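The structure under discussion appears below in the form of structure tokens.
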Amino acid sequence: MKVGIIGTGSMGSVLLEAFIEFRALQPHQLFISNRTLKKLLVLSERHEGLNICRNNIQTVRCSDVIFVCVKPLQFASLIQEIKNDVRPNQLIVSITSPVQISHLENSLDCKIAKIIPSVTHKIGSGASLVMYGNRLDEKDKQILHDLLSYISKPMEIKESQARINSDFSSCGPAFISFFLTKWIDAAVEMTGSSREEITCLASEMLLGTGKLLTQGGVTPPQLQEMVAVPGGITAQALSQLNHSLDGVFHRLISTTHQKYDEDLEELDKLFDGPKINRPQY
Ligand SMILES: NC(=O)c1ccc[n+]([C@@H]2O[C@H](COP(=O)([O-])OP(=O)(O)OC[C@H]3O[C@@H](n4cnc5c(N)ncnc54)[C@H](OP(=O)(O)O)[C@@H]3O)[C@@H](O)[C@H]2O)c1
């Protein structure tokens with residue numbers, strides 16, 4: 001199988017390097033293009049045999065499956081560029097949540113899928129969210145599922161749930177890291193602890209917590225109960241957190257959804273064709 005990647009920024013590079021690292025693909029099976037040549041050269045220095053394409057059209061012509069890893073508003077012009085070169089048996093995979101499968105099916109004469117990857121795939125971990133368009137048959141779905149299984153846990157979702165699911169799987173590492181950073185900053189400031197030491201402790205704690213939740217058979221509320229003895233220090237701190245964080249997560253979800261809606265509105269204007277049915281959440 002030949003796999004193309006258009007856009008080798010943060011996530012395009014994560015996918016490419018994870019596919020190679022976890023032996024889903026060998027470098028010679030990958031065809032890549034990016035607006036700026038420098039990023040391609042850095043990758044080709046790191047991975048001998050990688051195919052650097054002159055432009056996006058060449059990536060499309062050389063590949064069976066093509067991951068499109070550009071930002072939402074960079075999509076419409078890219079589609080114009082490649083639309084005469086896609087073939088009906090090719091699979092184009094968008095990694096961008098506000099770009100709808102119907103936007104792409106209306107514009108490209110090929111099979112369309114959407115995935116939301118996560119930076120955690122860098123270490124072969126985390127869930128990838130998968131949505132299949134109408135033109136994929138079972139074999140196509142299996143191919144994409146198998147490819148993603150090398151680097152992640154693929155989970156099929158409804159497109160209407162893409163935003164809220166991405167909040168957890170894809171934005172989540174940034175949100176949790178923000179929480180940790182604030183906590184570590186306070187520890188360093190208030191107790192003079194070594195930042196490195198506390199960061200190491202926090203990271204090990206997060207790894208262990210993740211394992212307990214994924215492999216240890218416990219839910220987040222159960223885990224809190226296991227640690228927080230009634231009347232103890234953790235229980236008192238949790239009560240304080242509960243009070244301080246009141247409404248924070250509702251506001252977080254409103255923010256991600258509002259930005260998504262704004263992007264979707266822009267994309268509706270940029271994409272030609274019939275009006276898109278907006279997902280309901
Ligand atoms: N980062 C994440 O954790 C994450 C997770 C899930 C999904 N996503 C989604 O992935 C998409 C890309 O995000 P990102 O963080 O990887 O952004 P990014 O680092 O800015 O990467 C986008 C890349 O696309 C290239 N590009 C733009 N227009 C192009 C064109 N017409 N032809 C070829 N290449 C083009 C850019 O080239 P230049 O080098 O010229 O800038 C850049 O390297 C976004 O829609 C984002 O929502 C990201």
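Note on naming: chains are A, B, ... as they come in the structure tokens, residues start from 1 per chain, ligands start from 1 in the order shown.
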List every residue of chain A that has an atom at most 8 Å from any atom of ligand 1, giving for each one its closest atom pair and the distance in Å to one decimal, counting only C-alpha atoms and all ligand atoms, sorted by chain and then by ascending residue number, as a Markdown table.
| residue | atom | partner | partner_atom_place_in_ligand_line | distance |
| --- | --- | --- | --- | --- |
| A:Ile6 | CA | ligand 1 | 33 (C) | 5.3 |
| A:Gly7 | CA | ligand 1 | 24 (O) | 3.6 |
| A:Thr8 | CA | ligand 1 | 43 (O) | 4.6 |
| A:Gly9 | CA | ligand 1 | 21 (O) | 3.3 |
| A:Ser10 | CA | ligand 1 | 16 (O) | 3.7 |
| A:Met11 | CA | ligand 1 | 16 (O) | 3.7 |
| A:Gly12 | CA | ligand 1 | 16 (O) | 5.5 |
| A:Ser13 | CA | ligand 1 | 16 (O) | 7.5 |
| A:Ser33 | CA | ligand 1 | 33 (C) | 5.8 |
| A:Asn34 | CA | ligand 1 | 34 (N) | 3.6 |
| A:Arg35 | CA | ligand 1 | 34 (N) | 3.9 |
| A:Thr36 | CA | ligand 1 | 40 (O) | 4.1 |
| A:Leu37 | CA | ligand 1 | 39 (O) | 7.3 |
| A:Lys38 | CA | ligand 1 | 39 (O) | 7.5 |
| A:Lys39 | CA | ligand 1 | 39 (O) | 6.3 |
| A:Asn55 | CA | ligand 1 | 33 (C) | 7.6 |
| A:Asn56 | CA | ligand 1 | 32 (N) | 6.2 |
| A:Cys69 | CA | ligand 1 | 12 (C) | 4.8 |
| A:Val70 | CA | ligand 1 | 24 (O) | 3.9 |
| A:Lys71 | CA | ligand 1 | 45 (O) | 3.7 |
| A:Pro72 | CA | ligand 1 | 45 (O) | 4.9 |
| A:Gln74 | CA | ligand 1 | 28 (N) | 5.2 |
| A:Phe75 | CA | ligand 1 | 31 (N) | 7.2 |
| A:Ser77 | CA | ligand 1 | 31 (N) | 6.7 |
| A:Leu78 | CA | ligand 1 | 31 (N) | 4.8 |
| A:Ile95 | CA | ligand 1 | 10 (O) | 5.3 |
| A:Thr96 | CA | ligand 1 | 45 (O) | 3.9 |
| A:Ser97 | CA | ligand 1 | 47 (O) | 6.3 |
| A:Pro98 | CA | ligand 1 | 45 (O) | 7.9 |
| A:Ile116 | CA | ligand 1 | 6 (C) | 5.0 |
| A:Pro117 | CA | ligand 1 | 6 (C) | 4.6 |
| A:Ser118 | CA | ligand 1 | 5 (C) | 4.8 |
| A:Val119 | CA | ligand 1 | 3 (O) | 4.9 |
| A:Ser166 | CA | ligand 1 | 6 (C) | 7.6 |
| A:Ser170 | CA | ligand 1 | 5 (C) | 5.1 |
| A:Cys171 | CA | ligand 1 | 3 (O) | 6.7 |
Please run DSSP on the backbone and report, as number ranges by chain, all residues within segment 17-56 of chain A that come out as strand (DSSP E or B).
A: 30-33, 51-52
Store the residues picked out above, limited to all heavy atoms, as a PDB file, in the first residue's frame.
ATOM      1  N   LEU A  30       5.701   5.781   1.708  1.00  0.00           N
ATOM      2  CA  LEU A  30       5.105   7.085   2.038  1.00  0.00           C
ATOM      3  C   LEU A  30       5.492   8.159   1.023  1.00  0.00           C
ATOM      4  O   LEU A  30       6.672   8.293   0.655  1.00  0.00           O
ATOM      5  CB  LEU A  30       5.564   7.508   3.435  1.00  0.00           C
ATOM      6  CG  LEU A  30       4.824   6.790   4.578  1.00  0.00           C
ATOM      7  CD1 LEU A  30       5.684   6.689   5.808  1.00  0.00           C
ATOM      8  CD2 LEU A  30       3.517   7.520   4.897  1.00  0.00           C
ATOM      9  N   PHE A  31       4.495   8.953   0.598  1.00  0.00           N
ATOM     10  CA  PHE A  31       4.676  10.035  -0.370  1.00  0.00           C
ATOM     11  C   PHE A  31       4.180  11.312   0.290  1.00  0.00           C
ATOM     12  O   PHE A  31       3.017  11.373   0.715  1.00  0.00           O
ATOM     13  CB  PHE A  31       3.885   9.739  -1.655  1.00  0.00           C
ATOM     14  CG  PHE A  31       4.409   8.529  -2.364  1.00  0.00           C
ATOM     15  CD1 PHE A  31       4.075   7.256  -1.917  1.00  0.00           C
ATOM     16  CD2 PHE A  31       5.264   8.652  -3.440  1.00  0.00           C
ATOM     17  CE1 PHE A  31       4.589   6.128  -2.537  1.00  0.00           C
ATOM     18  CE2 PHE A  31       5.776   7.532  -4.070  1.00  0.00           C
ATOM     19  CZ  PHE A  31       5.440   6.251  -3.618  1.00  0.00           C
ATOM     20  N   ILE A  32       5.053  12.318   0.411  1.00  0.00           N
ATOM     21  CA  ILE A  32       4.648  13.479   1.196  1.00  0.00           C
ATOM     22  C   ILE A  32       4.874  14.794   0.458  1.00  0.00           C
ATOM     23  O   ILE A  32       5.809  14.933  -0.333  1.00  0.00           O
ATOM     24  CB  ILE A  32       5.379  13.511   2.566  1.00  0.00           C
ATOM     25  CG1 ILE A  32       6.912  13.601   2.405  1.00  0.00           C
ATOM     26  CG2 ILE A  32       5.039  12.270   3.368  1.00  0.00           C
ATOM     27  CD1 ILE A  32       7.646  13.789   3.737  1.00  0.00           C
ATOM     28  N   SER A  33       3.981  15.744   0.731  1.00  0.00           N
ATOM     29  CA  SER A  33       4.163  17.103   0.198  1.00  0.00           C
ATOM     30  C   SER A  33       3.737  18.098   1.270  1.00  0.00           C
ATOM     31  O   SER A  33       2.912  17.779   2.135  1.00  0.00           O
ATOM     32  CB  SER A  33       3.370  17.314  -1.093  1.00  0.00           C
ATOM     33  OG  SER A  33       2.038  16.902  -0.929  1.00  0.00           O
ATOM     34  N   ASN A  51       9.518   9.301   0.148  1.00  0.00           N
ATOM     35  CA  ASN A  51       9.335   9.949  -1.161  1.00  0.00           C
ATOM     36  C   ASN A  51       8.839  11.376  -0.986  1.00  0.00           C
ATOM     37  O   ASN A  51       7.727  11.597  -0.492  1.00  0.00           O
ATOM     38  CB  ASN A  51       8.303   9.169  -1.982  1.00  0.00           C
ATOM     39  CG  ASN A  51       8.788   7.760  -2.261  1.00  0.00           C
ATOM     40  OD1 ASN A  51       9.694   7.556  -3.058  1.00  0.00           O
ATOM     41  ND2 ASN A  51       8.204   6.778  -1.569  1.00  0.00           N
ATOM     42  N   ILE A  52       9.670  12.322  -1.359  1.00  0.00           N
ATOM     43  CA  ILE A  52       9.283  13.735  -1.310  1.00  0.00           C
ATOM     44  C   ILE A  52       8.666  14.087  -2.652  1.00  0.00           C
ATOM     45  O   ILE A  52       9.319  13.917  -3.695  1.00  0.00           O
ATOM     46  CB  ILE A  52      10.518  14.634  -1.077  1.00  0.00           C
ATOM     47  CG1 ILE A  52      11.279  14.216   0.185  1.00  0.00           C
ATOM     48  CG2 ILE A  52      10.128  16.105  -1.020  1.00  0.00           C
ATOM     49  CD1 ILE A  52      10.507  14.349   1.447  1.00  0.00           C
TER      50      ILE A  52
END
Excluding Met1 of chain A and its own-chain neighbours fewer than 5 positions away, which residues fall within 9 Å of it when counting only C-alpha atoms? Please give them as a PyMOL selection string.
chain A and resi 25+29-30+63-65
Given only C-alpha atoms as the basis, pick out the residue of A:Lys211, A:Glu138, A:Ile115, A:Ile79 nearest to His103 of chain A.
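Going through A:Lys211, A:Glu138, A:Ile115, A:Ile79 one by one, the smallest distance to His103 of chain A is for A:Ile79.
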Give me the residues near segment 139-147 of chain A as number ranges by chain, where near means some atom within 12 Å (using only C-alpha atoms) and where sequence neighbours in that chain fewer than 4 positions away do not count.
A: 1-3, 15-16, 18-20, 22-25, 64-67, 89-93, 110-115, 124, 127-135, 151-156
Please provide as a list in words all residues within 8 Å of Ile57 of chain A, with the sequence filter that same-chain residues fewer than 2 positions apart are discarded (counting only C-alpha atoms).
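Everything that qualifies: Asn55, Thr59, Val60, Arg61, Glu81, Ile82 and Asp85 of chain A.
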With N, CA and C atoms retained, export the selected residues as a CSV table (one decimal), in the first residue's frame.
chain,number,residue,atom,x,y,z
A,55,ASN,N,4.8,18.3,-5.5
A,55,ASN,CA,3.6,19.1,-5.2
A,55,ASN,C,2.5,18.1,-4.7
A,59,THR,N,1.6,13.8,-5.0
A,59,THR,CA,1.3,12.9,-3.8
A,59,THR,C,0.1,12.1,-4.1
A,60,VAL,N,-0.9,12.8,-4.6
A,60,VAL,CA,-2.2,12.2,-4.9
A,60,VAL,C,-2.0,11.1,-6.0
A,61,ARG,N,-1.3,11.4,-7.0
A,61,ARG,CA,-1.1,10.4,-8.1
A,61,ARG,C,-0.4,9.2,-7.6
A,81,GLU,N,-7.0,22.3,-6.0
A,81,GLU,CA,-5.8,21.9,-6.6
A,81,GLU,C,-5.8,20.4,-7.0
A,82,ILE,N,-6.3,19.5,-6.1
A,82,ILE,CA,-6.2,18.1,-6.4
A,82,ILE,C,-7.4,17.4,-7.0
A,85,ASP,N,-7.3,15.2,-10.1
A,85,ASP,CA,-6.4,14.1,-10.1
A,85,ASP,C,-6.7,12.9,-9.2
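As for atom CA of Gln240 of chain A and atom CA of Cys200 of chain A, they are spaced 24.9 Å apart.
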Show which residues sit within 10 Å of segment 175-188 of chain A, as a list in words. Count only C-alpha atoms, and ignore same-chain residues fewer than 2 positions away.
Asp167, Phe168, Ser170, Cys171, Gly172, Pro173, Met190, Thr191, Gly192, Ser193, Ser194, Arg195, Glu196, Glu197, Ile198, Thr199, Ala202, Ser203, Leu206 and Leu252 of chain A
Quick one: everything within 6 Å of Leu108 of chain A, counting only C-alpha atoms, minus sequence neighbours fewer than 3 positions away in the same chain. Send it as a PyMOL selection string.
chain A and resi 83+104-105
Can you write just those residues out, N, CA and C atoms, as a tab-separated table (two decimals), in the first residue's frame?
chain	number	residue	atom	x	y	z
A	83	LYS	N	-8.50	18.17	-7.14
A	83	LYS	CA	-9.76	17.47	-7.47
A	83	LYS	C	-9.76	16.78	-8.84
A	104	LEU	N	-16.40	17.16	1.58
A	104	LEU	CA	-15.39	16.51	0.73
A	104	LEU	C	-16.05	15.61	-0.31
A	105	GLU	N	-17.10	14.91	0.08
A	105	GLU	CA	-17.78	14.03	-0.90
A	105	GLU	C	-18.41	14.87	-2.02
My list of candidates is A:Leu223, A:Val218, A:Ala174, A:Cys53. Which is closest to Thr120 of chain A when distances are computed with only C-alpha atoms?
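Among the listed residues, A:Ala174 lies closest to Thr120 of chain A.
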To one decimal place in Å, what is the distance between atom CA of Asn84 of chain A and atom CA of Ser107 of chain A?
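Spanning atom CA of Asn84 of chain A to atom CA of Ser107 of chain A is a straight-line distance of 10.1 Å.
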How many Å lie between atom CA of Val14 of chain A and atom CA of Gly210 of chain A, rounded to one decimal?
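These atoms are spaced 21.1 Å apart.
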